[in-house]
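So this one's my_file17.txt, compact mmCIF, C-alpha atoms:
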```txt
# COMPACT_ATOMS: atom_id res chain seq x y z
CA MET A 178 19.11 19.54 27.60
CA LEU A 179 15.86 19.22 25.65
CA LEU A 180 12.58 17.61 26.69
CA ALA A 181 10.66 16.46 23.59
CA ILE A 182 7.03 15.31 23.83
CA ASP A 183 4.99 13.50 21.17
CA VAL A 184 1.29 13.54 22.09
CA GLY A 185 -0.66 10.90 20.19
CA ASN A 186 -4.32 9.98 20.43
CA THR A 187 -3.56 6.92 22.57
CA ASN A 188 -0.09 7.43 24.08
CA THR A 189 2.23 10.31 24.89
CA VAL A 190 5.99 9.81 24.61
CA PHE A 191 8.50 11.91 26.56
CA ALA A 192 12.21 11.93 25.71
CA VAL A 193 15.25 13.86 26.92
CA PHE A 194 18.11 14.75 24.57
CA ASP A 195 21.49 16.06 25.60
CA ASP A 196 23.19 19.00 23.90
CA VAL A 197 24.60 16.87 21.06
CA GLY A 198 21.36 15.06 20.27
CA ARG A 199 21.85 11.82 22.20
CA MET A 200 18.69 10.44 23.77
CA LYS A 201 19.21 10.10 27.52
CA GLY A 202 15.82 8.71 28.47
CA GLN A 203 12.38 7.89 27.07
CA TRP A 204 9.04 7.25 28.78
CA ARG A 205 5.49 6.56 27.65
CA SER A 206 2.14 7.32 29.27
CA SER A 207 -1.48 7.11 28.18
CA THR A 208 -2.76 10.36 26.68
CA ASP A 209 -5.16 12.19 28.97
CA ALA A 210 -6.09 15.75 28.04
CA ASN A 211 -7.36 16.33 31.59
CA ARG A 212 -4.00 15.58 33.24
CA THR A 213 -2.77 18.63 35.12
CA ALA A 214 0.63 20.27 35.00
CA ASP A 215 1.42 18.92 38.47
CA GLU A 216 0.39 15.39 37.54
CA HIS A 217 2.71 15.53 34.54
CA GLY A 218 5.48 17.18 36.55
CA VAL A 219 5.47 14.84 39.54
CA TRP A 220 5.36 11.73 37.33
CA LEU A 221 8.10 12.96 35.03
CA THR A 222 10.49 14.32 37.67
CA GLN A 223 10.44 10.94 39.42
CA LEU A 224 11.33 9.17 36.19
CA LEU A 225 14.11 11.69 35.50
CA ALA A 226 15.56 11.01 38.95
CA LEU A 227 15.49 7.24 38.36
CA GLN A 228 17.48 7.86 35.16
CA ASN A 229 19.90 10.17 36.99
CA ILE A 230 18.85 13.15 34.87
CA ASP A 231 18.91 16.50 36.65
CA ARG A 232 15.59 18.28 36.14
CA LEU A 233 17.35 21.64 36.39
CA ALA A 234 19.54 20.74 33.40
CA ILE A 235 16.50 20.78 31.08
CA HIS A 236 16.25 24.26 29.60
CA HIS A 237 14.24 23.69 26.41
CA GLY A 238 11.12 21.88 25.25
CA VAL A 239 9.35 20.95 22.02
CA ILE A 240 5.91 19.37 21.60
CA ALA A 241 4.06 17.79 18.69
CA SER A 242 0.44 17.06 19.56
CA VAL A 243 -2.60 15.73 17.74
CA VAL A 244 -4.67 16.36 20.88
CA PRO A 245 -4.94 20.15 21.20
CA ALA A 246 -6.60 19.99 24.64
CA ALA A 247 -3.51 18.27 26.08
CA LEU A 248 -1.31 21.29 25.38
CA PHE A 249 -2.61 23.40 28.27
CA GLY A 250 -1.34 21.10 31.02
CA LEU A 251 1.96 20.42 29.23
CA ARG A 252 2.69 24.10 28.68
CA ARG A 253 2.08 24.83 32.37
CA MET A 254 4.30 21.89 33.32
CA PHE A 255 7.19 23.32 31.31
CA ARG A 256 6.82 26.73 32.95
CA ARG A 257 6.44 25.38 36.48
CA TYR A 258 8.95 22.53 36.50
CA PHE A 259 11.50 23.51 33.83
CA ASP A 260 11.22 27.32 33.72
CA CYS A 261 10.83 27.50 29.93
CA ASN A 262 8.21 27.81 27.22
CA PRO A 263 8.15 24.88 24.80
CA MET A 264 8.10 25.11 21.02
CA ILE A 265 4.77 23.85 19.68
CA VAL A 266 4.94 22.26 16.24
CA GLY A 267 2.21 23.71 14.06
CA THR A 268 2.28 27.24 15.47
CA PRO A 269 3.38 30.06 13.14
CA GLU A 270 6.53 30.84 15.10
CA VAL A 271 7.95 27.30 14.73
CA ASP A 272 9.51 26.52 11.34
CA VAL A 273 9.43 22.82 10.54
CA GLY A 274 11.72 23.46 7.61
CA ILE A 275 9.95 21.45 4.92
CA ARG A 276 7.53 22.49 2.17
CA VAL A 277 4.01 21.13 2.53
CA MET A 278 2.71 20.44 -0.97
CA ILE A 279 -0.95 19.72 -0.28
CA ASP A 280 -4.16 21.68 -0.76
CA ARG A 281 -4.66 22.57 2.91
CA PRO A 282 -1.31 22.56 4.75
CA GLU A 283 -2.97 23.57 8.02
CA GLU A 284 -4.74 20.21 8.18
CA VAL A 285 -1.58 18.09 8.37
CA GLY A 286 -1.06 16.59 11.83
CA ALA A 287 2.05 17.76 13.67
CA ASP A 288 3.24 14.18 14.05
CA ARG A 289 3.16 13.63 10.28
CA LEU A 290 5.27 16.73 9.61
CA VAL A 291 7.74 15.78 12.32
CA ASN A 292 8.02 12.26 10.90
CA ALA A 293 8.68 13.72 7.45
CA LEU A 294 11.46 15.96 8.77
CA GLY A 295 12.97 13.14 10.84
CA ALA A 296 12.99 10.82 7.83
CA PHE A 297 14.58 13.41 5.55
CA GLU A 298 17.26 14.33 8.09
CA GLU A 299 18.10 10.71 8.84
CA TYR A 300 17.68 8.97 5.48
CA GLY A 301 17.28 11.58 2.74
CA GLY A 302 14.30 12.11 0.45
CA SER A 303 11.95 9.97 -1.66
CA HIS A 304 10.47 7.88 1.15
CA ILE A 305 7.14 6.56 2.33
CA ILE A 306 6.78 6.77 6.12
CA VAL A 307 4.37 4.26 7.66
CA ASP A 308 3.44 5.20 11.22
CA PHE A 309 1.54 2.49 13.13
CA GLY A 310 -0.43 4.39 15.75
CA THR A 311 -4.09 4.79 16.66
CA ALA A 312 -4.43 5.34 12.92
CA THR A 313 -1.89 4.03 10.42
CA THR A 314 -0.55 6.86 8.27
CA PHE A 315 1.34 6.62 4.99
CA ASP A 316 3.24 9.85 4.34
CA VAL A 317 5.30 10.71 1.26
CA ILE A 318 8.37 12.93 0.97
CA ASP A 319 10.09 13.66 -2.31
CA ALA A 320 13.80 13.91 -3.10
CA ASP A 321 13.93 17.45 -1.68
CA GLY A 322 12.22 16.47 1.56
CA SER A 323 8.94 18.18 0.65
CA TYR A 324 5.82 16.69 2.20
CA MET A 325 3.66 15.47 -0.70
CA GLY A 326 0.65 14.04 1.14
CA GLY A 327 -0.33 10.51 2.02
CA ALA A 328 -3.05 8.16 3.19
CA ILE A 329 -4.70 7.45 6.54
CA ALA A 330 -6.16 4.07 7.51
CA PRO A 331 -7.68 2.83 10.77
CA GLY A 332 -5.02 1.42 13.09
CA VAL A 333 -4.86 -2.34 13.44
CA ASN A 334 -6.03 -2.32 17.07
CA MET A 335 -8.84 0.09 16.17
CA SER A 336 -9.94 -2.27 13.39
CA LEU A 337 -9.95 -5.25 15.73
CA GLU A 338 -11.94 -3.41 18.40
CA ALA A 339 -14.46 -2.11 15.85
CA LEU A 340 -15.04 -5.65 14.57
CA ARG A 341 -15.69 -6.93 18.09
CA ARG A 342 -18.07 -4.07 18.97
CA VAL A 343 -20.37 -4.38 15.98
CA ALA A 344 -20.58 -8.20 16.03
CA ALA A 345 -22.21 -9.38 19.24
CA GLN A 346 -20.90 -12.94 19.16
CA LEU A 347 -17.25 -12.14 18.43
CA PRO A 348 -14.82 -12.28 21.37
CA ARG A 349 -12.08 -9.85 22.34
CA VAL A 350 -8.73 -11.04 20.95
CA ALA A 351 -5.21 -9.66 21.01
CA ILE A 352 -3.48 -8.74 17.78
CA GLY A 353 -0.65 -11.06 16.80
CA ARG A 354 0.78 -13.02 13.90
CA PRO A 355 -1.23 -16.26 13.63
CA ASP A 356 0.41 -19.59 12.89
CA ARG A 357 -2.18 -20.37 10.21
CA VAL A 358 -4.26 -18.32 7.80
CA VAL A 359 -7.22 -20.69 8.16
CA GLY A 360 -8.36 -20.37 11.76
CA LYS A 361 -9.95 -23.33 13.53
CA THR A 362 -11.76 -21.19 16.11
CA THR A 363 -13.56 -17.86 15.93
CA ALA A 364 -10.73 -16.14 17.78
CA GLN A 365 -8.12 -17.63 15.42
CA ALA A 366 -10.19 -16.59 12.39
CA MET A 367 -10.48 -13.02 13.71
CA ARG A 368 -6.77 -12.79 14.42
CA SER A 369 -5.94 -14.15 10.98
CA GLY A 370 -8.34 -11.88 9.13
CA ILE A 371 -7.15 -8.73 10.89
CA PHE A 372 -3.42 -9.56 10.68
CA TRP A 373 -3.22 -10.83 7.11
CA GLY A 374 -5.80 -8.31 5.95
CA TYR A 375 -3.62 -5.57 7.38
CA VAL A 376 -0.55 -6.99 5.66
CA GLY A 377 -2.47 -6.74 2.41
CA LEU A 378 -3.45 -3.15 3.19
CA ILE A 379 0.17 -2.18 3.91
CA GLU A 380 1.57 -3.82 0.79
CA GLY A 381 -1.26 -2.59 -1.42
CA ILE A 382 -1.09 1.07 -0.40
CA ILE A 383 2.71 1.17 -0.65
CA GLU A 384 2.61 -0.41 -4.13
CA ARG A 385 -0.01 2.08 -5.30
CA ILE A 386 1.90 5.07 -3.88
CA ARG A 387 5.07 3.98 -5.67
CA ARG A 388 3.18 3.51 -8.92
CA GLU A 389 1.52 6.91 -8.60
CA MET A 390 4.70 8.79 -7.68
CA ASP A 391 6.65 6.91 -10.38
CA VAL A 392 10.06 7.29 -8.69
CA PRO A 393 12.13 4.88 -6.57
CA MET A 394 11.02 5.25 -2.95
CA GLY A 395 12.28 3.75 0.28
CA VAL A 396 9.93 2.77 3.09
CA ILE A 397 10.39 3.54 6.79
CA ALA A 398 8.13 2.04 9.47
CA THR A 399 7.66 3.55 12.90
CA GLY A 400 5.12 3.39 15.73
CA GLY A 401 4.22 0.91 18.44
CA VAL A 402 3.20 -2.15 16.43
CA ALA A 403 5.60 -1.67 13.50
CA PRO A 404 7.84 -4.61 14.57
CA LEU A 405 4.82 -6.93 14.38
CA PHE A 406 4.58 -6.49 10.62
CA THR A 407 8.17 -6.05 9.50
CA GLU A 408 9.03 -9.77 9.48
CA CYS A 409 6.24 -10.62 7.02
CA CYS A 410 6.21 -7.33 5.05
CA PRO A 411 9.48 -7.02 3.12
CA VAL A 412 8.20 -3.69 1.73
CA LEU A 413 8.82 -2.23 5.20
CA GLU A 414 12.52 -1.79 4.54
CA ARG A 415 13.54 0.05 7.69
CA VAL A 416 12.12 0.24 11.21
CA ASP A 417 12.90 3.35 13.23
CA PRO A 418 10.99 3.39 16.54
CA HIS A 419 12.39 6.84 17.42
CA LEU A 420 11.63 8.59 14.13
CA THR A 421 9.12 11.07 15.59
CA LEU A 422 11.43 11.95 18.47
CA LYS A 423 14.33 12.45 16.06
CA GLY A 424 12.08 14.76 14.06
CA LEU A 425 11.23 16.75 17.18
CA TYR A 426 14.93 17.17 17.94
CA ALA A 427 15.48 18.33 14.34
CA VAL A 428 12.66 20.90 14.71
CA PHE A 429 14.27 22.21 17.87
CA ARG A 430 17.69 22.46 16.23
CA ARG A 431 16.22 24.41 13.29
CA ASN A 432 14.53 26.92 15.60
CA ILE A 433 17.02 27.25 18.45
CA ALA A 434 18.43 30.52 17.08
CA ARG A 435 15.02 32.12 17.57
CA LEU A 436 14.91 31.39 21.27
CA PRO A 437 15.45 34.28 23.71
CA GLU A 438 18.61 34.29 25.78
CA ARG A 439 18.20 32.61 29.17
```

What does the file become when written as structure tokens?
Amino acid sequence: MLLAIDVGNTNTVFAVFDDVGRMKGQWRSSTDANRTADEHGVWLTQLLALQNIDRLAIHHGVIASVVPAALFGLRRMFRRYFDCNPMIVGTPEVDVGIRVMIDRPEEVGADRLVNALGAFEEYGGSHIIVDFGTATTFDVIDADGSYMGGAIAPGVNMSLEALRRVAAQLPRVAIGRPDRVVGKTTAQAMRSGIFWGYVGLIEGIIERIRREMDVPMGVIATGGVAPLFTECCPVLERVDPHLTLKGLYAVFRRNIARLPER
């Protein structure tokens, strides 16, 4: 079995796949670059046991991380608890299998490349992938699955927190779809401005990408708050909460022949 790990700026997602690519379990923790191998290992082995997954049946690992400092503890966890060395997306020895058609390919986050591969494997080419994370990324793949670039915007929760921090009299509010656009309280006005402003950002960037690329393009949404916007954003045609994990499994499958015999 395979243990796949997606390390984001805010959360880290762990998932186990069986030998035919079925997801057997998925867990989420807050990202902490200071977490030790043993802290990861003890937490994860308990969750595996609750899911009736034998730790000794996991023989492979793959990691995509946008937090380089988190890799040290995760690598040691794989060696100590699963007796293997994980593939690290973004290292020269791991082939993601897609062409990166931008000026500085080394700057593309591992999660964005994995999303691109997952989208191409699952849905084919010519897509915009919108990933709602700490930042909201808009990534473009062409008909051949090549990564063409994209756009990065502040995440919706980041935007809301920034507004509260710089304006002393504004309260802390939770993001959500408001019943009205015109708020009757400060909190309602904040929630409306952030939510409907973000809807405008999503629709506007997608429209401009389609116009610039000048080809028919599908849209796939993923990430934690994606379901919040899909009901009122028809441009978000598909929601795939496991897109990054599917991409990680696809990376592993492409590189498995390079692994040493156990």

>> What's the separation between atom CA of Met264 of chain A and atom CA of Phe429 of chain A, in Å to one decimal place?
In response: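 Distance reported for this atom pair: 7.5 Å.
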
>> Could you check the closest approach to Leu294 of chain A for each of A:Pro411, A:Pro282, A:Gly322, A:Gly202 and tell me which residue wins, using all atoms listed in the file?
In response: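 That would be A:Gly322, the residue with the smallest distance to Leu294 of chain A.
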
>> Which residues are close to Thr314 of chain A, i.e. within 6 Å by all atoms listed in the file, leaving aside same-chain residues fewer than 5 positions away? Reply as number ranges by chain.
In response: A: 307-308, 328-329

Please write the residues from the selection above to a file, keeping C-alpha atoms, as a PDB file, in the coordinates of the input.
```
ATOM      1  CA  VAL A 307       4.370   4.260   7.660  1.00  0.00           C
ATOM      2  CA  ASP A 308       3.440   5.200  11.220  1.00  0.00           C
ATOM      3  CA  ALA A 328      -3.050   8.160   3.190  1.00  0.00           C
ATOM      4  CA  ILE A 329      -4.700   7.450   6.540  1.00  0.00           C
TER       5      ILE A 329
END
```

> Restricting the calculation to all atoms listed in the file, which member of A:Asp417, A:Asp231, A:Glu283, A:Asp209 is positioned closest to Thr189 of chain A?
Replying inline: A:Asp209

> Which of these, A:Gly218, A:Gly327, A:Gly250, A:Gly238, has the shortest distance to Ala192 of chain A once you count only C-alpha atoms?
Replying inline: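 Ranking A:Gly218, A:Gly327, A:Gly250, A:Gly238 by distance to Ala192 of chain A, first place goes to A:Gly238.
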
> What separation in Å, quoted to one decimal, exists between atom CA of Leu425 of chain A and atom CA of Ile386 of chain A?
Replying inline: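 According to the coordinates, atom CA of Leu425 of chain A and atom CA of Ile386 of chain A are separated by 25.8 Å.
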